[in-house]
Amino acid sequence: MRRAISLLRYFAEDALDEWRHSPGAAFLATATVAAVLFVGAAAMLVGSNVRASLEAWSRDARVEVYLLDDAPEAAIAEVRAKLEGLPGVSRVAFVGKEEAVRRFQAVFRSLADLPAELGENPLPASFEAYLVPGPGADGTARLVETAVGSMTGVEEVRFDRAMLERVESVLEIAR
């Protein structure tokens, strides 16, 4: 312990001595080290934030299954059960027609009065099948499309395949 303290004292005194004898060179060396540390830390911070954002997008990856307005309750329950049983689907959320209108009005504020002006709710009920994040999300989305696309009560299955592929490829680069 005593040796470590004496070495630390020696290095500190030597550094101060160098600062006194050649302050320009010592300042340049210190500024260079500080700049390198700053650039490295900034790169790590940006990389960490990009990775966190991409992982958040990946967690929100979902397939939307739109239902027919006249779909029987039994068919809707069957679609939900099928979605919940698929591997790679982390959770399934039902979005009723009223919730769809609320979401529409929140996103498109300038068109918020449109459903009332039409006299009826034009938006369908749907299921949102959230995908397990990772490299298999695109395959899971295709599996969902194949599994429920032709079921009774299903009007359309939709997911942004290009977005899933971009997020997965950028996540691979970030890792």
# chains A, B, ... in the order shown; residues from 1 in each chain; ligands from 1
$ residues_around --residues "segment 85-102 of chain A" --least-positions-apart "2" --cutoff "12 Å" --atoms "only C-alpha atoms" --output "VMD selection string"
chain A and resid 59 to 69 76 to 83 104 to 109 111 to 116 120 to 148
$ select_by_dssp --residues "segment 90-125 of chain A" --states "strand (DSSP E)" --output "ChimeraX atom specification"
/A:90-95
$ residues_around --residues "Ala29 of chain A" --least-positions-apart "6" --cutoff "12 Å" --atoms "only C-alpha atoms" --output "list in words"
Ala15, Glu18, Trp19, Ser22, Pro23, Ala35 and Val36 of chain A
$ write_last_selection --atoms "all heavy atoms" --output "PDB file, in the first residue's frame"
ATOM      1  N   ALA A  15       4.155  14.759 -13.402  1.00  0.00           N
ATOM      2  CA  ALA A  15       3.212  15.420 -14.306  1.00  0.00           C
ATOM      3  C   ALA A  15       3.200  16.925 -14.071  1.00  0.00           C
ATOM      4  O   ALA A  15       3.197  17.719 -15.027  1.00  0.00           O
ATOM      5  CB  ALA A  15       1.816  14.842 -14.112  1.00  0.00           C
ATOM      6  N   GLU A  18       6.318  18.410 -15.573  1.00  0.00           N
ATOM      7  CA  GLU A  18       6.214  18.537 -17.036  1.00  0.00           C
ATOM      8  C   GLU A  18       5.340  19.726 -17.427  1.00  0.00           C
ATOM      9  O   GLU A  18       5.636  20.430 -18.387  1.00  0.00           O
ATOM     10  CB  GLU A  18       5.652  17.249 -17.645  1.00  0.00           C
ATOM     11  CG  GLU A  18       6.609  16.079 -17.633  1.00  0.00           C
ATOM     12  CD  GLU A  18       7.867  16.361 -18.449  1.00  0.00           C
ATOM     13  OE1 GLU A  18       7.791  17.009 -19.515  1.00  0.00           O
ATOM     14  OE2 GLU A  18       8.947  15.926 -18.008  1.00  0.00           O
ATOM     15  N   TRP A  19       4.257  19.960 -16.698  1.00  0.00           N
ATOM     16  CA  TRP A  19       3.392  21.112 -16.974  1.00  0.00           C
ATOM     17  C   TRP A  19       4.178  22.415 -16.789  1.00  0.00           C
ATOM     18  O   TRP A  19       4.000  23.370 -17.549  1.00  0.00           O
ATOM     19  CB  TRP A  19       2.168  21.109 -16.048  1.00  0.00           C
ATOM     20  CG  TRP A  19       0.986  20.410 -16.639  1.00  0.00           C
ATOM     21  CD1 TRP A  19       0.629  19.124 -16.456  1.00  0.00           C
ATOM     22  CD2 TRP A  19       0.011  20.964 -17.528  1.00  0.00           C
ATOM     23  NE1 TRP A  19      -0.506  18.820 -17.163  1.00  0.00           N
ATOM     24  CE2 TRP A  19      -0.914  19.948 -17.833  1.00  0.00           C
ATOM     25  CE3 TRP A  19      -0.172  22.220 -18.100  1.00  0.00           C
ATOM     26  CZ2 TRP A  19      -1.996  20.126 -18.676  1.00  0.00           C
ATOM     27  CZ3 TRP A  19      -1.265  22.412 -18.936  1.00  0.00           C
ATOM     28  CH2 TRP A  19      -2.156  21.374 -19.222  1.00  0.00           C
ATOM     29  N   SER A  22       7.055  22.590 -19.852  1.00  0.00           N
ATOM     30  CA  SER A  22       6.556  22.749 -21.231  1.00  0.00           C
ATOM     31  C   SER A  22       5.031  22.733 -21.210  1.00  0.00           C
ATOM     32  O   SER A  22       4.412  21.721 -21.543  1.00  0.00           O
ATOM     33  CB  SER A  22       7.118  21.677 -22.137  1.00  0.00           C
ATOM     34  OG  SER A  22       6.882  20.395 -21.596  1.00  0.00           O
ATOM     35  N   PRO A  23       4.398  23.840 -20.836  1.00  0.00           N
ATOM     36  CA  PRO A  23       2.937  23.871 -20.713  1.00  0.00           C
ATOM     37  C   PRO A  23       2.221  23.699 -22.056  1.00  0.00           C
ATOM     38  O   PRO A  23       1.135  23.129 -22.111  1.00  0.00           O
ATOM     39  CB  PRO A  23       2.652  25.231 -20.088  1.00  0.00           C
ATOM     40  CG  PRO A  23       3.850  26.063 -20.350  1.00  0.00           C
ATOM     41  CD  PRO A  23       4.999  25.113 -20.459  1.00  0.00           C
ATOM     42  N   ALA A  35     -10.240  14.994 -26.055  1.00  0.00           N
ATOM     43  CA  ALA A  35     -11.038  14.923 -27.286  1.00  0.00           C
ATOM     44  C   ALA A  35     -11.319  13.474 -27.669  1.00  0.00           C
ATOM     45  O   ALA A  35     -12.447  13.130 -28.057  1.00  0.00           O
ATOM     46  CB  ALA A  35     -10.311  15.645 -28.418  1.00  0.00           C
ATOM     47  N   VAL A  36     -10.315  12.616 -27.560  1.00  0.00           N
ATOM     48  CA  VAL A  36     -10.508  11.204 -27.889  1.00  0.00           C
ATOM     49  C   VAL A  36     -11.533  10.573 -26.953  1.00  0.00           C
ATOM     50  O   VAL A  36     -12.422   9.831 -27.391  1.00  0.00           O
ATOM     51  CB  VAL A  36      -9.156  10.451 -27.845  1.00  0.00           C
ATOM     52  CG1 VAL A  36      -9.361   8.945 -27.860  1.00  0.00           C
ATOM     53  CG2 VAL A  36      -8.278  10.880 -29.004  1.00  0.00           C
TER      54      VAL A  36
END
$ decode --residues "segment 110-126 of chain A" --atoms "all heavy atoms" --output "mmCIF file, in the first residue's frame"
data_model
loop_
_atom_site.group_PDB
_atom_site.id
_atom_site.type_symbol
_atom_site.label_atom_id
_atom_site.label_comp_id
_atom_site.auth_asym_id
_atom_site.auth_seq_id
_atom_site.Cartn_x
_atom_site.Cartn_y
_atom_site.Cartn_z
ATOM 1 N N SER A 110 -57.306 16.680 -37.574
ATOM 2 C CA SER A 110 -58.043 17.508 -38.532
ATOM 3 C C SER A 110 -59.233 16.759 -39.137
ATOM 4 O O SER A 110 -60.146 17.382 -39.677
ATOM 5 C CB SER A 110 -57.111 17.991 -39.647
ATOM 6 O OG SER A 110 -56.592 16.894 -40.368
ATOM 7 N N LEU A 111 -59.235 15.443 -39.050
ATOM 8 C CA LEU A 111 -60.337 14.636 -39.583
ATOM 9 C C LEU A 111 -61.174 14.003 -38.466
ATOM 10 O O LEU A 111 -61.928 13.065 -38.708
ATOM 11 C CB LEU A 111 -59.778 13.524 -40.480
ATOM 12 C CG LEU A 111 -58.975 13.975 -41.698
ATOM 13 C CD1 LEU A 111 -58.342 12.777 -42.380
ATOM 14 C CD2 LEU A 111 -59.846 14.748 -42.659
ATOM 15 N N ALA A 112 -61.059 14.537 -37.268
ATOM 16 C CA ALA A 112 -61.721 13.936 -36.106
ATOM 17 C C ALA A 112 -63.239 13.884 -36.248
ATOM 18 O O ALA A 112 -63.892 12.994 -35.705
ATOM 19 C CB ALA A 112 -61.335 14.682 -34.839
ATOM 20 N N ASP A 113 -63.837 14.818 -36.992
ATOM 21 C CA ASP A 113 -65.295 14.861 -37.155
ATOM 22 C C ASP A 113 -65.795 13.945 -38.266
ATOM 23 O O ASP A 113 -67.004 13.770 -38.414
ATOM 24 C CB ASP A 113 -65.749 16.290 -37.450
ATOM 25 C CG ASP A 113 -65.452 17.234 -36.297
ATOM 26 O OD1 ASP A 113 -65.341 16.741 -35.152
ATOM 27 O OD2 ASP A 113 -65.320 18.443 -36.537
ATOM 28 N N LEU A 114 -64.908 13.375 -39.043
ATOM 29 C CA LEU A 114 -65.302 12.559 -40.186
ATOM 30 C C LEU A 114 -66.227 11.392 -39.830
ATOM 31 O O LEU A 114 -67.263 11.225 -40.476
ATOM 32 C CB LEU A 114 -64.059 12.062 -40.930
ATOM 33 C CG LEU A 114 -64.310 11.315 -42.229
ATOM 34 C CD1 LEU A 114 -64.997 12.215 -43.244
ATOM 35 C CD2 LEU A 114 -63.006 10.796 -42.784
ATOM 36 N N PRO A 115 -65.931 10.586 -38.815
ATOM 37 C CA PRO A 115 -66.848 9.475 -38.501
ATOM 38 C C PRO A 115 -68.257 9.954 -38.151
ATOM 39 O O PRO A 115 -69.243 9.333 -38.556
ATOM 40 C CB PRO A 115 -66.196 8.786 -37.302
ATOM 41 C CG PRO A 115 -64.747 9.116 -37.436
ATOM 42 C CD PRO A 115 -64.716 10.505 -38.008
ATOM 43 N N ALA A 116 -68.370 11.066 -37.445
ATOM 44 C CA ALA A 116 -69.690 11.603 -37.093
ATOM 45 C C ALA A 116 -70.410 12.102 -38.338
ATOM 46 O O ALA A 116 -71.633 11.936 -38.463
ATOM 47 C CB ALA A 116 -69.550 12.720 -36.068
ATOM 48 N N GLU A 117 -69.682 12.707 -39.255
ATOM 49 C CA GLU A 117 -70.285 13.217 -40.484
ATOM 50 C C GLU A 117 -70.779 12.082 -41.377
ATOM 51 O O GLU A 117 -71.739 12.253 -42.128
ATOM 52 C CB GLU A 117 -69.281 14.084 -41.244
ATOM 53 C CG GLU A 117 -68.997 15.410 -40.555
ATOM 54 C CD GLU A 117 -67.920 16.210 -41.260
ATOM 55 O OE1 GLU A 117 -67.534 15.835 -42.399
ATOM 56 O OE2 GLU A 117 -67.464 17.204 -40.690
ATOM 57 N N LEU A 118 -70.119 10.948 -41.326
ATOM 58 C CA LEU A 118 -70.540 9.802 -42.132
ATOM 59 C C LEU A 118 -71.809 9.155 -41.581
ATOM 60 O O LEU A 118 -72.491 8.427 -42.290
ATOM 61 C CB LEU A 118 -69.425 8.752 -42.205
ATOM 62 C CG LEU A 118 -68.185 9.155 -43.000
ATOM 63 C CD1 LEU A 118 -67.108 8.101 -42.866
ATOM 64 C CD2 LEU A 118 -68.534 9.372 -44.464
ATOM 65 N N GLY A 119 -72.080 9.394 -40.310
ATOM 66 C CA GLY A 119 -73.281 8.830 -39.701
ATOM 67 C C GLY A 119 -73.098 7.439 -39.131
ATOM 68 O O GLY A 119 -73.940 6.946 -38.408
ATOM 69 N N GLU A 120 -72.003 6.791 -39.478
ATOM 70 C CA GLU A 120 -71.717 5.467 -38.944
ATOM 71 C C GLU A 120 -70.208 5.305 -38.808
ATOM 72 O O GLU A 120 -69.448 6.045 -39.408
ATOM 73 C CB GLU A 120 -72.294 4.365 -39.823
ATOM 74 C CG GLU A 120 -71.651 4.296 -41.206
ATOM 75 C CD GLU A 120 -72.183 3.143 -42.024
ATOM 76 O OE1 GLU A 120 -71.873 2.000 -41.677
ATOM 77 O OE2 GLU A 120 -72.898 3.407 -42.991
ATOM 78 N N ASN A 121 -69.811 4.352 -38.043
ATOM 79 C CA ASN A 121 -68.402 4.087 -37.827
ATOM 80 C C ASN A 121 -67.868 3.218 -38.971
ATOM 81 O O ASN A 121 -68.226 2.046 -39.071
ATOM 82 C CB ASN A 121 -68.217 3.377 -36.479
ATOM 83 C CG ASN A 121 -66.756 3.132 -36.158
ATOM 84 O OD1 ASN A 121 -65.872 3.335 -36.976
ATOM 85 N ND2 ASN A 121 -66.513 2.679 -34.940
ATOM 86 N N PRO A 122 -66.998 3.771 -39.828
ATOM 87 C CA PRO A 122 -66.503 2.994 -40.968
ATOM 88 C C PRO A 122 -65.319 2.094 -40.631
ATOM 89 O O PRO A 122 -64.901 1.292 -41.460
ATOM 90 C CB PRO A 122 -66.062 4.083 -41.949
ATOM 91 C CG PRO A 122 -65.612 5.200 -41.063
ATOM 92 C CD PRO A 122 -66.534 5.156 -39.863
ATOM 93 N N LEU A 123 -64.774 2.236 -39.434
ATOM 94 C CA LEU A 123 -63.570 1.482 -39.081
ATOM 95 C C LEU A 123 -63.917 0.109 -38.514
ATOM 96 O O LEU A 123 -64.820 -0.015 -37.697
ATOM 97 C CB LEU A 123 -62.738 2.276 -38.064
ATOM 98 C CG LEU A 123 -62.290 3.653 -38.552
ATOM 99 C CD1 LEU A 123 -61.600 4.408 -37.438
ATOM 100 C CD2 LEU A 123 -61.388 3.528 -39.759
ATOM 101 N N PRO A 124 -63.187 -0.914 -38.929
ATOM 102 C CA PRO A 124 -63.495 -2.274 -38.461
ATOM 103 C C PRO A 124 -62.856 -2.563 -37.095
ATOM 104 O O PRO A 124 -61.887 -1.925 -36.697
ATOM 105 C CB PRO A 124 -62.856 -3.154 -39.529
ATOM 106 C CG PRO A 124 -61.680 -2.358 -39.990
ATOM 107 C CD PRO A 124 -62.127 -0.909 -39.940
ATOM 108 N N ALA A 125 -63.403 -3.536 -36.425
ATOM 109 C CA ALA A 125 -62.752 -4.075 -35.232
ATOM 110 C C ALA A 125 -61.555 -4.887 -35.712
ATOM 111 O O ALA A 125 -61.508 -5.341 -36.859
ATOM 112 C CB ALA A 125 -63.726 -4.942 -34.454
ATOM 113 N N SER A 126 -60.591 -5.062 -34.819
ATOM 114 C CA SER A 126 -59.399 -5.791 -35.240
ATOM 115 C C SER A 126 -58.704 -6.413 -34.034
ATOM 116 O O SER A 126 -58.996 -6.089 -32.887
ATOM 117 C CB SER A 126 -58.422 -4.856 -35.958
ATOM 118 O OG SER A 126 -57.944 -3.859 -35.062
#
